[in-house]
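Okay, model-v4.txt is below, compact mmCIF, C-alpha atoms:
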```
# COMPACT_ATOMS: atom_id res chain seq x y z
CA MET A 1 58.48 29.14 85.49
CA ALA A 2 55.91 26.72 86.84
CA GLU A 3 53.73 24.66 84.53
CA PHE A 4 50.58 25.03 86.61
CA THR A 5 48.88 28.20 87.84
CA ILE A 6 46.18 28.86 90.43
CA ASP A 7 44.35 32.15 90.96
CA ALA A 8 43.79 32.73 94.65
CA GLN A 9 42.29 35.53 96.71
CA PRO A 10 43.72 36.93 99.94
CA ARG A 11 41.86 35.53 102.95
CA THR A 12 40.90 37.43 106.09
CA VAL A 13 38.60 34.78 107.56
CA THR A 14 40.53 32.43 109.83
CA GLY A 15 39.89 29.82 112.51
CA LYS A 16 36.55 28.07 112.84
CA LYS A 17 34.84 30.64 110.62
CA VAL A 18 36.43 29.15 107.48
CA GLY A 19 33.42 26.79 107.36
CA VAL A 20 31.55 29.70 105.79
CA LEU A 21 34.14 29.87 103.02
CA ARG A 22 33.79 26.16 102.34
CA ARG A 23 30.03 26.49 102.03
CA GLU A 24 30.58 29.29 99.49
CA GLY A 25 32.75 26.99 97.37
CA PHE A 26 36.22 28.10 98.46
CA VAL A 27 39.02 26.12 100.03
CA PRO A 28 41.10 27.86 102.72
CA ALA A 29 44.82 27.54 102.08
CA THR A 30 48.06 28.92 103.39
CA VAL A 31 51.37 29.72 101.67
CA TYR A 32 54.55 29.65 103.73
CA GLY A 33 58.24 29.22 103.17
CA PRO A 34 61.70 29.78 104.57
CA LYS A 35 62.09 33.27 103.08
CA SER A 36 58.57 34.66 103.26
CA ASP A 37 55.89 35.39 105.82
CA PRO A 38 52.86 33.08 105.83
CA VAL A 39 49.97 34.26 103.65
CA ASN A 40 46.37 33.09 104.05
CA VAL A 41 44.54 32.60 100.77
CA GLN A 42 41.25 31.14 99.53
CA ILE A 43 40.90 29.25 96.26
CA PRO A 44 37.76 28.22 94.34
CA TYR A 45 37.21 24.48 94.85
CA ARG A 46 37.07 23.11 91.31
CA PRO A 47 40.14 24.87 89.82
CA LEU A 48 42.13 23.80 92.88
CA GLU A 49 40.96 20.20 92.58
CA LEU A 50 41.98 20.08 88.91
CA ALA A 51 45.36 21.69 89.57
CA LEU A 52 46.13 19.21 92.37
CA LEU A 53 45.06 16.30 90.19
CA LYS A 54 47.50 17.34 87.45
CA ALA A 55 50.38 18.76 89.48
CA GLY A 56 50.41 16.40 92.47
CA GLY A 57 52.98 17.06 95.16
CA SER A 58 56.08 17.12 92.97
CA ASN A 59 55.39 19.82 90.37
CA LEU A 60 55.79 23.55 90.83
CA ILE A 61 52.64 25.68 90.90
CA ASP A 62 52.40 29.46 90.51
CA ILE A 63 49.84 31.00 92.87
CA THR A 64 48.80 34.60 92.21
CA SER A 65 47.16 36.35 95.12
CA GLY A 66 46.69 40.08 95.60
CA GLY A 67 49.02 40.89 92.69
CA LYS A 68 51.84 38.77 94.09
CA LYS A 69 53.13 35.55 92.56
CA HIS A 70 54.30 32.64 94.70
CA THR A 71 56.10 29.61 93.25
CA VAL A 72 55.07 26.74 95.47
CA LEU A 73 54.89 23.01 96.01
CA VAL A 74 51.87 21.35 97.61
CA ARG A 75 52.98 20.31 101.07
CA GLU A 76 49.77 18.90 102.58
CA VAL A 77 46.17 18.40 101.52
CA GLN A 78 43.56 17.87 104.23
CA ARG A 79 40.44 16.00 103.19
CA ASN A 80 37.17 15.03 104.82
CA PRO A 81 37.72 11.36 105.76
CA ILE A 82 34.33 10.27 104.40
CA THR A 83 33.54 12.51 101.43
CA ARG A 84 37.25 12.99 100.56
CA LYS A 85 36.55 16.62 99.70
CA ILE A 86 39.46 19.01 100.14
CA THR A 87 39.16 21.04 103.35
CA HIS A 88 42.55 22.79 103.50
CA VAL A 89 45.82 22.98 101.56
CA ASP A 90 49.34 23.92 102.66
CA PHE A 91 51.60 25.37 99.97
CA PHE A 92 55.36 25.59 100.49
CA GLU A 93 56.98 28.61 98.83
CA LEU A 94 60.38 27.66 97.47
CA ASP A 95 63.74 29.27 97.48
CA LEU A 96 64.65 28.21 93.91
CA THR A 97 68.38 28.17 94.62
CA ALA A 98 68.27 25.98 97.73
CA ARG A 99 67.88 22.23 98.01
CA LEU A 100 64.49 21.10 99.23
CA ARG A 101 62.98 17.97 100.71
CA THR A 102 59.77 16.64 99.22
CA ASP A 103 57.81 13.47 98.49
CA VAL A 104 57.86 12.14 94.94
CA PRO A 105 55.29 9.47 94.01
CA LEU A 106 56.48 5.99 93.08
CA GLN A 107 55.10 4.36 89.97
CA LEU A 108 55.46 0.62 89.54
CA VAL A 109 55.90 -0.18 85.85
CA GLY A 110 55.81 -3.52 84.09
CA GLU A 111 54.38 -6.79 85.35
CA SER A 112 56.01 -9.32 87.62
CA PRO A 113 56.14 -12.74 85.87
CA ALA A 114 55.62 -14.49 89.24
CA VAL A 115 52.41 -12.54 89.90
CA GLU A 116 51.18 -13.03 86.33
CA ALA A 117 51.64 -16.78 86.75
CA ARG A 118 49.63 -16.52 90.01
CA LEU A 119 52.53 -17.93 92.01
CA GLY A 120 52.43 -15.04 94.44
CA VAL A 121 50.90 -11.71 95.38
CA LEU A 122 52.59 -8.37 94.86
CA ILE A 123 52.97 -6.55 98.17
CA THR A 124 53.81 -2.90 97.78
CA GLY A 125 55.33 -0.51 100.26
CA PRO A 126 55.16 3.30 100.34
CA THR A 127 53.51 5.15 97.48
CA SER A 128 56.12 7.93 97.52
CA LEU A 129 59.77 8.51 98.39
CA HIS A 130 61.11 11.36 100.51
CA VAL A 131 63.94 12.96 98.50
CA GLU A 132 66.27 15.93 98.75
CA LEU A 133 66.93 17.75 95.48
CA LEU A 134 67.10 21.10 93.73
CA PRO A 135 63.82 22.59 92.48
CA SER A 136 65.11 22.18 88.92
CA GLN A 137 65.41 18.41 89.48
CA LEU A 138 61.76 17.95 90.48
CA MET A 139 60.01 15.12 88.65
CA ASP A 140 56.49 13.79 88.21
CA HIS A 141 57.22 10.37 89.59
CA ILE A 142 59.93 7.78 90.14
CA ALA A 143 59.45 4.72 87.94
CA VAL A 144 60.28 1.32 89.44
CA ASP A 145 60.42 -1.67 87.10
CA ILE A 146 58.84 -4.70 88.79
CA SER A 147 59.39 -7.08 85.87
CA VAL A 148 62.63 -8.14 87.62
CA LEU A 149 60.54 -9.91 90.27
CA THR A 150 60.51 -13.29 88.57
CA GLU A 151 60.24 -15.55 91.63
CA VAL A 152 58.29 -15.67 94.86
CA GLY A 153 60.26 -14.06 97.70
CA GLN A 154 62.12 -11.58 95.52
CA SER A 155 61.87 -7.95 96.53
CA ILE A 156 62.90 -4.42 95.61
CA HIS A 157 64.14 -2.11 98.36
CA VAL A 158 64.81 1.62 98.47
CA ALA A 159 68.55 0.94 98.05
CA ASP A 160 67.87 -0.65 94.63
CA ILE A 161 66.49 2.60 93.16
CA LYS A 162 68.96 4.63 91.13
CA LEU A 163 68.30 8.33 90.51
CA GLU A 164 70.25 11.06 88.75
CA ALA A 165 73.27 12.56 90.52
CA GLY A 166 72.44 15.11 93.19
CA ILE A 167 69.16 13.55 94.26
CA VAL A 168 69.32 11.96 97.70
CA ILE A 169 66.69 9.50 98.89
CA LEU A 170 65.99 10.03 102.59
CA ASN A 171 63.97 6.87 103.20
CA ASP A 172 65.59 3.93 104.99
CA PRO A 173 67.59 2.00 102.34
CA GLU A 174 66.17 -1.25 103.71
CA GLU A 175 62.55 -0.11 103.27
CA LEU A 176 60.51 -2.40 101.05
CA ILE A 177 59.16 -1.08 97.75
CA ALA A 178 57.68 -4.27 96.30
CA ARG A 179 57.82 -7.96 97.09
CA VAL A 180 56.26 -11.07 95.66
CA SER A 181 54.80 -12.87 98.63
CA GLN A 182 53.31 -16.36 98.91
CA THR A 183 49.55 -16.64 98.70
CA ALA A 184 49.28 -19.21 101.47
CA ALA A 185 48.53 -16.46 103.99
CA ALA A 186 44.87 -17.34 104.01
CA ARG A 187 45.52 -20.99 104.85
CA ALA A 188 47.82 -19.98 107.68
CA ASP A 189 45.10 -17.65 108.94
CA GLU A 190 42.58 -20.50 108.98
CA GLU A 191 45.00 -22.65 110.98
CA GLU A 192 45.56 -19.82 113.41
CA LEU A 193 41.81 -19.41 113.70
CA ALA A 194 41.25 -23.07 114.56
CA GLU A 195 43.89 -22.84 117.26
CA GLY A 196 42.46 -19.57 118.53
CA GLU A 197 38.93 -20.94 118.86
CA GLU A 198 40.01 -23.83 121.05
CA GLY A 199 41.34 -21.55 123.73
CA ALA A 200 39.07 -18.57 123.14
CA GLY A 201 36.45 -19.35 125.78
CA SER A 202 38.67 -19.32 128.83
CA ALA A 203 41.41 -16.94 127.63
CA GLU A 204 41.75 -13.77 129.64
CA PRO A 205 44.44 -11.13 129.19
CA GLU A 206 46.98 -10.71 131.89
CA VAL A 207 46.47 -7.53 133.93
CA VAL A 208 49.81 -5.77 134.14
CA ARG A 209 49.28 -4.54 137.69
CA ARG A 210 47.21 -7.44 138.97
CA HIS A 211 49.63 -8.34 141.77
CA LYS A 212 49.29 -4.82 143.15
CA ASP A 213 45.48 -4.99 143.04
CA GLU A 214 45.57 -8.23 144.96
CA ASP A 215 47.79 -6.68 147.57
CA GLU A 216 45.24 -3.90 148.01
CA ASP A 217 42.37 -6.41 148.29
CA GLU A 218 44.15 -8.17 151.09
CA ASP A 219 44.57 -4.91 152.96
CA MET B 1 39.51 -14.14 118.07
CA LEU B 2 41.45 -10.94 118.60
CA MET B 3 42.04 -9.70 122.13
CA PRO B 4 44.94 -8.04 123.98
CA LYS B 5 47.63 -10.19 125.55
CA ARG B 6 48.19 -7.86 128.51
CA VAL B 7 46.13 -4.94 129.80
CA LYS B 8 46.83 -2.32 132.43
CA TYR B 9 43.29 -2.33 133.83
CA ARG B 10 40.72 -5.12 133.63
CA LYS B 11 37.64 -2.93 133.07
CA GLN B 12 37.04 0.42 131.39
CA PHE B 13 34.48 3.22 131.33
CA ARG B 14 32.26 3.34 128.27
CA GLY B 15 33.53 6.68 126.92
CA ARG B 16 32.00 8.70 124.10
CA ARG B 17 32.13 8.38 120.34
CA LYS B 18 31.97 11.93 119.07
CA GLY B 19 33.17 13.16 115.71
CA THR B 20 34.83 11.42 112.81
CA GLU B 21 38.06 9.50 112.53
CA LEU B 22 40.95 11.69 111.43
CA ARG B 23 43.59 8.98 111.41
CA GLY B 24 43.27 5.49 110.01
CA ALA B 25 40.80 6.85 107.47
CA ALA B 26 42.78 6.12 104.29
CA VAL B 27 43.76 2.90 102.56
CA GLN B 28 47.44 2.43 103.45
CA PHE B 29 48.49 -1.12 102.60
CA GLY B 30 46.23 -2.73 100.00
CA GLU B 31 44.34 -1.40 96.99
CA TYR B 32 40.80 -1.53 98.39
CA GLY B 33 39.36 -0.90 101.81
CA LEU B 34 36.15 -1.13 103.79
CA GLN B 35 35.33 2.13 105.55
CA ALA B 36 32.87 2.49 108.45
CA LEU B 37 30.30 5.27 108.08
CA GLU B 38 28.78 5.09 111.58
CA PRO B 39 30.18 5.15 115.13
CA ILE B 40 30.11 1.66 116.63
CA TRP B 41 31.75 -0.76 119.01
CA LEU B 42 33.03 -3.54 116.78
CA SER B 43 33.35 -6.78 118.71
CA SER B 44 36.11 -9.29 118.08
CA ARG B 45 33.45 -11.78 116.91
CA GLN B 46 32.24 -9.37 114.25
CA ILE B 47 35.80 -8.70 113.08
CA GLU B 48 36.41 -12.41 112.86
CA ALA B 49 33.15 -13.07 111.00
CA ALA B 50 33.97 -10.39 108.43
CA ARG B 51 37.51 -11.67 108.02
CA ARG B 52 36.25 -15.19 107.46
CA ALA B 53 33.74 -14.04 104.88
CA MET B 54 36.55 -12.37 102.93
CA VAL B 55 39.03 -15.25 103.23
CA ARG B 56 36.36 -17.73 102.17
CA TYR B 57 35.56 -15.73 99.07
CA ILE B 58 39.06 -14.93 97.86
CA LYS B 59 40.32 -18.43 98.80
CA ARG B 60 44.10 -18.29 99.07
CA ARG B 61 44.66 -15.40 96.71
CA GLY B 62 45.56 -11.88 97.72
CA LYS B 63 46.20 -10.44 101.15
CA ILE B 64 43.94 -9.00 103.82
CA TRP B 65 44.83 -6.39 106.40
CA ILE B 66 42.75 -5.90 109.57
CA ARG B 67 43.13 -2.23 110.48
CA VAL B 68 41.30 -2.32 113.80
CA PHE B 69 42.02 -4.10 117.08
CA PRO B 70 39.49 -4.83 119.83
CA ASP B 71 41.26 -3.40 122.87
CA LYS B 72 38.25 -2.22 124.87
CA PRO B 73 36.82 -4.61 127.47
CA VAL B 74 33.01 -4.52 127.50
CA SER B 75 31.49 -5.75 130.75
CA LYS B 76 28.03 -7.07 131.44
CA LYS B 77 26.18 -8.14 134.56
CA ALA B 78 24.90 -11.70 134.64
CA ALA B 79 21.19 -12.31 133.90
CA GLU B 80 18.70 -11.84 136.77
CA THR B 81 21.26 -10.15 138.97
CA ARG B 82 20.21 -7.36 141.31
CA MET B 83 21.73 -3.97 140.67
CA GLY B 84 24.78 -2.95 142.68
CA SER B 85 27.64 -5.09 143.92
CA GLY B 86 30.09 -3.61 141.48
CA LYS B 87 30.71 -3.73 137.77
CA GLY B 88 29.90 -6.87 135.82
CA SER B 89 32.46 -9.22 134.33
CA VAL B 90 34.11 -8.71 130.95
CA GLU B 91 31.79 -10.14 128.30
CA TYR B 92 33.72 -9.35 125.10
CA TRP B 93 36.36 -7.12 123.56
CA ALA B 94 35.53 -4.33 121.15
CA ALA B 95 37.23 -1.81 118.90
CA VAL B 96 35.88 1.73 119.18
CA ILE B 97 35.07 2.87 115.63
CA LYS B 98 34.23 6.35 114.46
CA PRO B 99 32.90 7.24 111.00
CA GLY B 100 35.66 7.19 108.41
CA ARG B 101 37.76 4.42 109.93
CA VAL B 102 39.15 1.88 107.46
CA LEU B 103 38.34 -1.53 108.96
CA PHE B 104 39.82 -3.93 106.42
CA GLU B 105 42.08 -3.66 103.40
CA MET B 106 42.66 -6.04 100.56
CA GLY B 107 45.34 -6.29 97.89
CA GLY B 108 46.65 -8.65 95.25
CA VAL B 109 43.24 -9.73 93.91
CA ASP B 110 41.16 -8.69 90.91
CA GLU B 111 38.97 -5.65 91.39
CA GLN B 112 35.78 -7.66 90.94
CA ASP B 113 36.79 -10.24 93.56
CA ALA B 114 37.98 -7.61 96.01
CA LEU B 115 34.74 -5.64 95.76
CA GLU B 116 32.62 -8.76 96.21
CA ALA B 117 34.70 -9.99 99.18
CA LEU B 118 34.43 -6.61 100.90
CA ARG B 119 30.69 -6.49 100.17
CA LEU B 120 30.27 -9.88 101.86
CA ALA B 121 32.36 -8.71 104.81
CA ALA B 122 30.19 -5.61 105.20
CA PHE B 123 27.15 -7.84 105.81
CA LYS B 124 28.83 -9.14 108.98
CA LEU B 125 29.28 -5.67 110.45
CA PRO B 126 26.81 -3.67 112.54
CA CYS B 127 27.21 -0.44 110.61
CA LYS B 128 26.88 1.11 107.19
CA CYS B 129 30.10 0.71 105.27
CA LYS B 130 31.62 1.96 102.06
CA ILE B 131 34.18 0.31 99.80
CA ILE B 132 36.99 2.72 98.97
CA ARG B 133 40.09 2.66 96.81
CA ARG B 134 43.59 3.81 97.65
CA ILE B 135 44.24 7.42 96.60
CA ASP B 136 47.30 9.63 96.41
CA PRO B 137 47.04 11.93 99.46
CA ILE B 138 47.96 15.05 97.49
CA SER B 139 46.41 14.66 94.05
CA GLY B 140 43.45 12.53 95.14
CA GLN B 141 44.04 10.28 92.15
CA GLU B 142 43.40 6.56 92.54
CA VAL B 143 46.60 4.58 93.02
CA GLY B 144 47.31 1.03 91.87
```
Using structure tokens, write down the structure that the file contains.
Amino acid sequence: MAEFTIDAQPRTVTGKKVGVLRREGFVPATVYGPKSDPVNVQIPYRPLELALLKAGGSNLIDITSGGKKHTVLVREVQRNPITRKITHVDFFELDLTARLRTDVPLQLVGESPAVEARLGVLITGPTSLHVELLPSQLMDHIAVDISVLTEVGQSIHVADIKLEAGIVILNDPEELIARVSQTAAARADEEELAEGEEGAGSAEPEVVRRHKDEDEDED
Amino acid sequence: MLMPKRVKYRKQFRGRRKGTELRGAAVQFGEYGLQALEPIWLSSRQIEAARRAMVRYIKRRGKIWIRVFPDKPVSKKAAETRMGSGKGSVEYWAAVIKPGRVLFEMGGVDEQDALEALRLAAFKLPCKCKIIRRIDPISGQEVG
């Protein structure tokens, strides 16, 4: 059923010893779901990297391990904060008849006339939306047209996004998706700075429990 | 310069800076970020100097996010003081940085300007830094 496939091997190495696997070119991963027991697997690095690049977090992937096939979604990818190499992946095995909750990436399409005219700066919010849907309704991304932002101060919120029937967005409806903001922030910062410098020498933060300390000193 | 408004205790122990940053290590708000590659104490002066370098370069375009806050009081004894008689007075405020931490982010400017502004900011910092782009946490693809 799924468009993407990954060949995995069953994994017996767990805990801190998985470092050995990583040095051998494998990524430790785990497959779990509401109707199955968790399975530890290991996947060669490069095929996994390519599959994640194409499938993202909102496309189904078939994982074959030890003769068994699991239809999964990528739930979490752990990366080294500096090298950004993948260190571990969580796969969520789906019940194809039940509704599921997942993150679908947002894609801003078009150009805002206000930003093109350099009247403002486009401030964007989250890169994905948390939605509840059926596995058959999964999509690559949610497209948001920002060409409606014609003036500075205009914004698009979660409530403005319309999706097909049956898909529920779980984010706060008031959450900001995109806004055209004034570019005078830098000037305001400079003013703040000038004010800050005047008082910087003598300023000292208030100690929350200072009065108690003083009481003790007196004793 | 940045410093806390209220603190629970006036002075702190030095602590240790082991390991890498696991949180605050990805670009969250803008399109580009400056990532620290070494463990350091980043003083409020250094943060301010880097911020100024960026603001000066990008003029009034774009937006800058400062992702670190100097909440650690660093004390120092006065010059030519004999040892003892308690801990010195607070000299400056610092942010404790571990490798991987995103220090600044920038958005709403051209790629060329953003990279140059972050490069200039990196000169004001006491550690090796790397300019990074925002990526999708799952696919690893560059976003924006």
Select from chain B every residue with an atom at most 8 Å from any atom of chain A, then for each give the shortest pair of atoms and their distance in Å to one decimal, using only C-alpha atoms, rows by chain and rising number, as a tab-separated table.
```
residue	atom	partner	partner_atom	distance
B:Met1	CA	A:Gly196	CA	6.2
B:Met3	CA	A:Pro205	CA	7.6
B:Pro4	CA	A:Pro205	CA	6.1
B:Lys5	CA	A:Pro205	CA	4.9
B:Arg6	CA	A:Glu206	CA	4.6
B:Val7	CA	A:Val207	CA	4.9
B:Lys8	CA	A:Val208	CA	4.9
B:Tyr9	CA	A:Val207	CA	6.1
B:Arg10	CA	A:Val207	CA	6.2
B:Thr20	CA	A:Pro81	CA	7.6
B:Glu21	CA	A:Pro81	CA	7.0
B:Leu22	CA	A:Pro81	CA	6.5
B:Ala25	CA	A:Pro81	CA	5.7
B:Ala26	CA	A:Pro81	CA	7.4
B:Phe29	CA	A:Gly125	CA	7.3
B:Gly30	CA	A:Thr124	CA	7.9
B:Leu37	CA	A:Ile82	CA	7.4
B:Val55	CA	A:Ala186	CA	6.3
B:Lys59	CA	A:Ala186	CA	7.0
B:Arg60	CA	A:Ala186	CA	5.1
B:Arg61	CA	A:Thr183	CA	5.4
B:Gly62	CA	A:Val121	CA	5.8
B:Lys63	CA	A:Ala185	CA	7.1
B:Pro99	CA	A:Ile82	CA	7.4
B:Gly100	CA	A:Ile82	CA	5.2
B:Gly107	CA	A:Ile123	CA	7.6
B:Gly108	CA	A:Val121	CA	5.2
B:Asp136	CA	A:Thr127	CA	7.7
B:Pro137	CA	A:Val77	CA	6.8
B:Ile138	CA	A:Val77	CA	5.5
B:Ser139	CA	A:Leu53	CA	4.4
B:Gly140	CA	A:Leu53	CA	6.4
B:Gln141	CA	A:Leu53	CA	6.4
```
Around all listed atoms of segment 107-116 of chain B, padded 3 Å per side, what centre and edge lengths does the axis-aligned box have in Å to one decimal, as lines of an AutoDock Vina configuration file?
```
center_x = 39.6
center_y = -7.9
center_z = 94.4
size_x = 20.0
size_y = 10.6
size_z = 13.0
```
- Query: Out of B:Arg23, B:Ile131, B:Gly86, B:Ile58, which residue has the shortest atom-to-atom distance to Val109 of chain B when counting only C-alpha atoms?
  - Reply: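 Nearest candidate to Val109 of chain B out of B:Arg23, B:Ile131, B:Gly86, B:Ile58: B:Ile58.
In this model, the gap between atom CA of Pro10 of chain A and atom CA of Leu138 of chain A comes to 27.8 Å.
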Please identify all polymer residues within 12 Å of Lys11 of chain B, counting all atoms listed in the file, omitting same-chain residues fewer than 6 positions from it, and present them as a list in words.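 Here the qualifying residues turn out to be Pro205 and Val207 of chain A; Asp71, Lys72, Pro73, Val74, Ser75, Lys76, Gly86, Lys87, Gly88, Ser89, Val90, Glu91, Tyr92 and Trp93 of chain B.
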